[in-house]
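*Asks:* Got a structure for you, written out below as structure tokens; questions coming shortly.
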Amino acid sequence: MSDYRAPTQEMRFVMEEIAQLGEIARLPGFEEATPDLVSAIVDEAGRFASEVLAPLNRVGDQQGCRLGANGVSTPDGWQEAYQKFCAAGWNGIASPAAFGGQGLPDTLGVAVKEMICSANLSFSLCPLLTTGAVEALLTCASDELKAIYLEKMISGQWTGTMNLTEPQAGSDLALIRSRAAPEADGSYRIFGQKIFITYGDHDLTENIVHLVLARLPDAPPGVKGISLFLVPKFLVNADGSLGPRNDAVCTAIEHKLGIHASPTCVMVYGDKGEGATGYLLGEANRGLEYMFIMMNAARLGVGLQGIALGERAYQQALAYARERQQGRDAITGEALVSIDHHPDIKRMLMLMRARIEACRAMAYYTSSLLDRMHAATDPAEKKRCLYLAEFLIPLVKGGSTEMGIDVTSLGIQIHGGMGFIEETGAAQYWRDSRITTIYEGTTGIQANDLLFRKLMRDGGATAKTLFGQIQTTAQMLGAASRPQLQAIAARLGSALKAWAQSTEWLGASAQTGNYSPALTAAVPYLHLAVTVVGGWFMGQSALAAARHLDAGAGDAAFYQRKIATAAFYADQLLPQARAFAETVQAGDKALTGVVDLFG
């Protein structure tokens with residue numbers, strides 16, 4: 001099983017050339033993100049990920065978590081690694097300095113998060129949920145609650161969770177039954193059961209802060225009657241010290257296909273009959289709105305998990321292909337060569353790398369839009385950045401996680417029979433990746449979000465803005481002197497045309513009032529969008545690499561590989577856009593007219 005080495009050169013390239021970190025560092029509040037500091041953080045994060053977290057990945061997969069009389073125990077080495085993680089300040093790298101964070105841009109933080117996820121996905125899920133909870137508290141918590149909880153959560157001294165799903169509800173949160181009863185002192189008593197709660201209980205910290213969706217007694221039905229509550233594992237005294245244990249208990253942990261070292265808990269509130277003490281966040285009956293703040297952060301983070309697992313699988317597959325000797329070279333005829341000489345292995349390795357790089361650029365660019373949105377003072381610019389980021393988040397989440405499953409599966413394929421043997425470790429990446437298209441909203445939910453909440457909310461204006469930017473890149477590629485870039489331009493232009501035509505078709509279909517064709521086409525449309533946006537970023541990468549080569553600056557071999565990978569993406573992946581477009585415009589024809597499709 002190969003070691004993990006963070007692709008720091010690639011990460012710096014994407015941050016600088018695609019996300020424009022240099023521009024972001026000149027925005028108000030991000031001035032400390034100097035090139036020297038960024039370089040130091042990236043290098044140190046890579047070292048921490050490879051030396052501290054990566055060696056525990058296999059340990060966690062084999063040992064898993066255990067539920068005993070004192071709660072959930074994490075695998076060997078977990079507690080020590082978490083303490084080192086917090087001591088180094090990784091938990092609060094992009095959190096506000098006012099509450100103890102480092103206040104650095106998300107564009108830098110996203111690279112650090114990717115390294116943590118690649119090194120040890122199960123470990124990374126704990127700070128991921130805490131970061132999302134911090135975002136929700138920053139948005140809707142009272143000043144008193146912020147003062148009590150934020151600094152300790154940002155430091156990692158306390159962790160956070162997100163409690164949405166219930167046994168009867170699944171993704172349909174209108175069906176949740178958890179309830180909250182008001183108390184005279186302004187607090188609430190929470191009753192109910194939540195399932196699939198990541199790190200709902202563990203032994204890493206002294207306290208856990210649960211954000212719980214529940215209904216007030218007079219709440220209207222459906223999603224409009226959901227409120228959000230902060231429910232700590234241990235109550236907090238006025239001086240900040242911990243008080244008695246709250247009536248919030250993990251009663252079981254799930255036995256899962258992957259992420260064995262991440263405890264997925266069944267949480268019960270009010271099991272003793274008195275109810276768990278909780279505190280209302282924001283206004284009553286606006287809980288789902290607030291929770292979406294946390295969910296958007298989590299969806300971006302889960303998309304990053306697909307990229308991170310893909311990278312880890314790629315590194316191991318490449319190392320194995322260079323070592324494993326089998327067969328003859330198809331060109332030279334040389335006998336017993338390493339399998340990376342074989343054309344099909346080369347194709348699979350390039351397919352892995354091209355898709356990872358495209359999704360990485362998409363994730364980092366989306367994070368940069370959020371940085372720009374937070375720093376913007378002009379309302380129009382703030383809205384533009386927010387709308388474009390929100391448009392891209394379902395692409396990052398849905399597209400990158402689907403990519404992660406495909407790429408980790410290719411990693412097993414490259415290993416051949418040895419990939420099916422657990423000792424090599426190749427299978428773990430696929431097993432861990434399989435949940436990513438499910439939690440924080442399935443691919444279908446991401447596709448519907450893209451279509452009905454993002455594409456249609458402004459009449460397609462954000463999509464048209466994006467189309468214009470992609471067209472500009474295609475024109476720049478077409479005007480370049482390098483034939484490789486001109487070929488990318490032709491592929492990108494054709495793919496963009498397919499996307500634009502499908503967008504028009506969906507808009508017209510939705511206007512009929514019959515949403516079945518659009519709903520049937522939603523996931524293929526998501527794949528179409530991801531394919532084209534990925535091609536856009538690969539085209540931008542090729543242009544940037546060509547500029548460096550023309551200037552004679554930097555690592556020429558690295559820039560040549562960037563252009564070659566972009567050309568591969570254009571030849572092997574962008575043509576799929578036309579097929580996705582045909583699938584989209586077929587709508588639900590194949591599903592209609594048959595009385596019983598599954599009889």
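By convention here, the chains of the structure tokens are called A, B, ... in the order presented, each chain's residues are numbered starting at 1, and ligands are numbered starting at 1 in the order presented.
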Fewer than 2 positions away in the same chain doesn't count, so skip those; otherwise give me all residues within 12 Å of Gln62 (chain A), counting only C-alpha atoms, as a PDB file with C-alpha atoms, in the first residue's frame.
*Replies:*
ATOM      1  CA  LEU A  56      -3.829   5.741  10.708  1.00  0.00           C
ATOM      2  CA  ASN A  57      -6.082   5.271   7.682  1.00  0.00           C
ATOM      3  CA  ARG A  58      -5.622   1.511   7.528  1.00  0.00           C
ATOM      4  CA  VAL A  59      -5.764   1.199  11.322  1.00  0.00           C
ATOM      5  CA  GLY A  60      -9.129   2.950  11.406  1.00  0.00           C
ATOM      6  CA  GLY A  64     -13.540   0.793  13.402  1.00  0.00           C
ATOM      7  CA  CYS A  65     -15.300   2.409  16.358  1.00  0.00           C
ATOM      8  CA  ARG A  66     -16.808   0.702  19.390  1.00  0.00           C
ATOM      9  CA  THR A  74     -12.313   5.712  18.346  1.00  0.00           C
ATOM     10  CA  PRO A  75      -9.457   3.560  16.942  1.00  0.00           C
ATOM     11  CA  ASP A  76      -5.900   3.456  18.261  1.00  0.00           C
ATOM     12  CA  SER A 122     -12.819   8.917   8.396  1.00  0.00           C
ATOM     13  CA  LEU A 257     -19.474  -0.561   3.918  1.00  0.00           C
ATOM     14  CA  GLY A 258     -16.752   2.046   4.407  1.00  0.00           C
ATOM     15  CA  ILE A 259     -15.550   4.928   6.600  1.00  0.00           C
ATOM     16  CA  HIS A 260     -15.380   2.417   9.451  1.00  0.00           C
ATOM     17  CA  ALA A 261     -13.512   4.779  11.765  1.00  0.00           C
ATOM     18  CA  SER A 262     -16.162   7.490  11.497  1.00  0.00           C
ATOM     19  CA  GLU A 422      -8.025  -6.042   1.035  1.00  0.00           C
ATOM     20  CA  GLU A 423      -4.338  -6.196   1.968  1.00  0.00           C
ATOM     21  CA  GLY A 425      -5.670  -1.139   0.433  1.00  0.00           C
ATOM     22  CA  GLN A 428     -10.801   0.781   0.894  1.00  0.00           C
TER      23      GLN A 428
END
*Asks:* So that I can see what lies close to Thr465 (chain A), please list as a PyMOL selection string the residues with an atom at most 10 Å from it, counting only C-alpha atoms and leaving out residues fewer than 6 positions away in the same chain.
*Replies:* chain A and resi 384+388+471
*Asks:* Rounded to one decimal, what separation in Å do you get between CA of Asp596 (chain A) and CA of Pro524 (chain A)?
*Replies:*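 For CA of Asp596 (chain A) relative to CA of Pro524 (chain A), the distance reads 23.7 Å.
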*Asks:* What lies within 9 Å of Ala566 (chain A) using only C-alpha atoms, ignoring chain neighbours under 5 positions off, as a list in words?
*Replies:* Ala354, Ala358, Gln484, Leu485, Ile488, Gly535, Phe537, Met538, Gly539, Gln540, Ser541, Ala542, Arg561 and Asp571 of chain A
*Asks:* Using only C-alpha atoms, which of the listed residues (A:Ala252, A:Met294, A:Ile176, A:Ala463) sits closest to Phe191 (chain A)?
*Replies:* A:Ile176
*Asks:* Using only C-alpha atoms, pick whichever of A:Ile470, A:Leu53, A:Leu67, A:Leu211 has the shortest atom-to-atom distance to Val533 (chain A).
*Replies:*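 The shortest atom-to-atom distance to Val533 (chain A) comes from A:Ile470.
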*Asks:* Pick out the residues sitting within 8 Å of Ala111 (chain A), and hand them over as number ranges by chain; count only C-alpha atoms, and ignore anything fewer than 6 positions along from it in its own chain.
*Replies:* A: 11, 42, 364
*Asks:* Nearest residue to Met403 (chain A) out of A:Gly270, A:Ile307, A:Lys464, A:Ile421, using only C-alpha atoms?
*Replies:*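 Ranking A:Gly270, A:Ile307, A:Lys464, A:Ile421 by distance to Met403 (chain A), first place goes to A:Ile307.
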*Asks:* Smallest atom-to-atom distance to Ser155 (chain A): which of A:His255, A:Lys84, A:Arg328, A:Arg177, using only C-alpha atoms?
*Replies:*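 Among the listed residues, the smallest separation from Ser155 (chain A) belongs to A:Lys84.
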*Asks:* Write out as a CSV table (one decimal) with N, CA and C atoms, in the first residue's frame each polymer residue whose atoms come within 12 Å of region 555-558 of chain A, counting only C-alpha atoms; drop sequence neighbours fewer than 6 positions from it.
*Replies:*
chain,number,residue,atom,x,y,z
A,7,PRO,N,-0.3,16.5,-3.4
A,7,PRO,CA,0.1,17.1,-4.7
A,7,PRO,C,0.3,18.6,-4.6
A,9,GLN,N,2.4,20.8,-5.7
A,9,GLN,CA,2.6,21.6,-6.9
A,9,GLN,C,1.3,21.9,-7.7
A,10,GLU,N,0.5,20.8,-7.8
A,10,GLU,CA,-0.7,20.9,-8.5
A,10,GLU,C,-1.7,21.8,-7.8
A,13,PHE,N,-0.8,25.4,-8.2
A,13,PHE,CA,-1.2,25.8,-9.6
A,13,PHE,C,-2.6,26.2,-9.7
A,541,SER,N,-6.4,25.8,-17.5
A,541,SER,CA,-5.2,25.2,-17.1
A,541,SER,C,-4.2,25.1,-18.2
A,542,ALA,N,-4.6,24.7,-19.4
A,542,ALA,CA,-3.7,24.6,-20.5
A,542,ALA,C,-3.2,25.9,-21.0
A,544,ALA,N,-2.8,28.6,-19.0
A,544,ALA,CA,-1.9,29.1,-18.0
A,544,ALA,C,-0.5,28.3,-18.2
A,545,ALA,N,-0.6,27.0,-18.4
A,545,ALA,CA,0.6,26.3,-18.6
A,545,ALA,C,1.4,26.7,-19.8
A,546,ALA,N,0.7,27.0,-20.9
A,546,ALA,CA,1.4,27.5,-22.1
A,546,ALA,C,2.1,28.8,-21.8
A,547,ARG,N,1.4,29.7,-21.1
A,547,ARG,CA,2.0,31.0,-20.8
A,547,ARG,C,3.3,30.8,-20.0
A,548,HIS,N,3.4,29.9,-19.1
A,548,HIS,CA,4.6,29.6,-18.3
A,548,HIS,C,5.7,29.0,-19.2
A,549,LEU,N,5.3,28.1,-20.1
A,549,LEU,CA,6.3,27.6,-21.0
A,549,LEU,C,6.8,28.6,-22.0
A,564,ALA,N,-0.9,18.2,-21.7
A,564,ALA,CA,-1.3,16.9,-22.2
A,564,ALA,C,-2.5,16.3,-21.5
A,565,THR,N,-2.7,16.6,-20.2
A,565,THR,CA,-3.8,16.2,-19.5
A,565,THR,C,-5.1,16.9,-19.9
*Asks:* Using only C-alpha atoms, which residue out of A:Arg347, A:Lys589, A:Arg482, A:Arg491 lies closest to Ala577 (chain A)?
*Replies:*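 That would be A:Arg491, the residue with the smallest distance to Ala577 (chain A).
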*Asks:* Write out as an NGL selection string each polymer residue whose atoms come within 9 Å of His374 (chain A), counting only C-alpha atoms; drop sequence neighbours fewer than 5 positions from it.
*Replies:* :A and (369 or 382 or 386)
*Asks:* Keeping only N, CA and C atoms, take the residues you just selected and write them out as a PDB file, in the first residue's frame.
*Replies:*
ATOM      1  N   LEU A 369     -14.991  31.853  -5.060  1.00  0.00           N
ATOM      2  CA  LEU A 369     -16.183  32.703  -5.216  1.00  0.00           C
ATOM      3  C   LEU A 369     -16.787  33.046  -3.860  1.00  0.00           C
ATOM      4  N   LYS A 382     -21.556  40.992  -4.691  1.00  0.00           N
ATOM      5  CA  LYS A 382     -21.798  39.958  -3.688  1.00  0.00           C
ATOM      6  C   LYS A 382     -22.818  38.936  -4.204  1.00  0.00           C
ATOM      7  N   LEU A 386     -22.184  34.962  -5.096  1.00  0.00           N
ATOM      8  CA  LEU A 386     -22.980  33.985  -4.358  1.00  0.00           C
ATOM      9  C   LEU A 386     -23.771  33.099  -5.305  1.00  0.00           C
TER      10      LEU A 386
END
*Asks:* Taking 5 positions as the minimum chain separation for residues in the same chain, which residues sit within 8 Å of Asn448 (chain A) when counting only C-alpha atoms? Answer as an NGL selection string.
*Replies:* :A and (453 or 519 or 522-523)
*Asks:* Given the choices A:Gly22, A:Gly493, A:Pro55, A:Gly554, which gets closest to Trp78 (chain A) if the distance is worked out from only C-alpha atoms?
*Replies:*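 Smallest distance to Trp78 (chain A) is found for A:Pro55.
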*Asks:* If DSSP is run on the backbone, what residues of region 478-599 of chain A are alpha helix (DSSP H)? A reply as JSON, numbers by chain would be ideal.
*Replies:* {"A": [478, 483, 484, 485, 486, 487, 488, 489, 490, 491, 492, 493, 494, 495, 496, 497, 498, 499, 500, 501, 502, 503, 504, 505, 506, 507, 508, 509, 510, 516, 517, 518, 519, 520, 521, 522, 523, 524, 525, 526, 527, 528, 529, 530, 531, 532, 533, 534, 535, 536, 537, 538, 539, 540, 541, 542, 543, 544, 545, 546, 547, 548, 549, 550, 551, 556, 557, 558, 559, 560, 561, 562, 563, 564, 565, 566, 567, 568, 569, 570, 571, 572, 576, 577, 578, 579, 580, 581, 582, 583, 584, 585, 586]}
*Asks:* Can you measure CA of Cys126 (chain A) to CA of Gly160 (chain A) for me? One decimal in Å is fine.
*Replies:* 7.8 Å
*Asks:* One decimal, in Å: what's the spacing between CA of Ala498 (chain A) and CA of Ala389 (chain A)?
*Replies:*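 Separation between CA of Ala498 (chain A) and CA of Ala389 (chain A): 22.3 Å.
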*Asks:* Produce a table with one row for each residue of region 214-263 of chain A that has an atom at most 7 Å from any atom of region 178-186 of chain A, each row naming the nearest atom pair and its distance in Å at one decimal; use only C-alpha atoms; arrange rows by chain and rising residue number; format as JSON lines.
*Replies:*
{"residue": "A:Ala214", "atom": "CA", "partner": "A:Ser178", "partner_atom": "CA", "distance": 4.7}
{"residue": "A:Arg215", "atom": "CA", "partner": "A:Arg179", "partner_atom": "CA", "distance": 4.5}
{"residue": "A:Leu216", "atom": "CA", "partner": "A:Ala180", "partner_atom": "CA", "distance": 5.1}
{"residue": "A:Pro217", "atom": "CA", "partner": "A:Ala181", "partner_atom": "CA", "distance": 6.7}
*Asks:* Store the residues of this selection in a file with C-alpha atoms, as a compact mmCIF listing (two decimals), in the first residue's frame.
*Replies:*
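Wrote out-v9.txt, looks like this:
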# COMPACT_ATOMS: atom_id res chain seq x y z
CA ALA A 214 -37.22 19.77 15.74
CA ARG A 215 -40.77 21.13 15.83
CA LEU A 216 -42.28 23.57 18.30
CA PRO A 217 -45.78 22.79 19.68
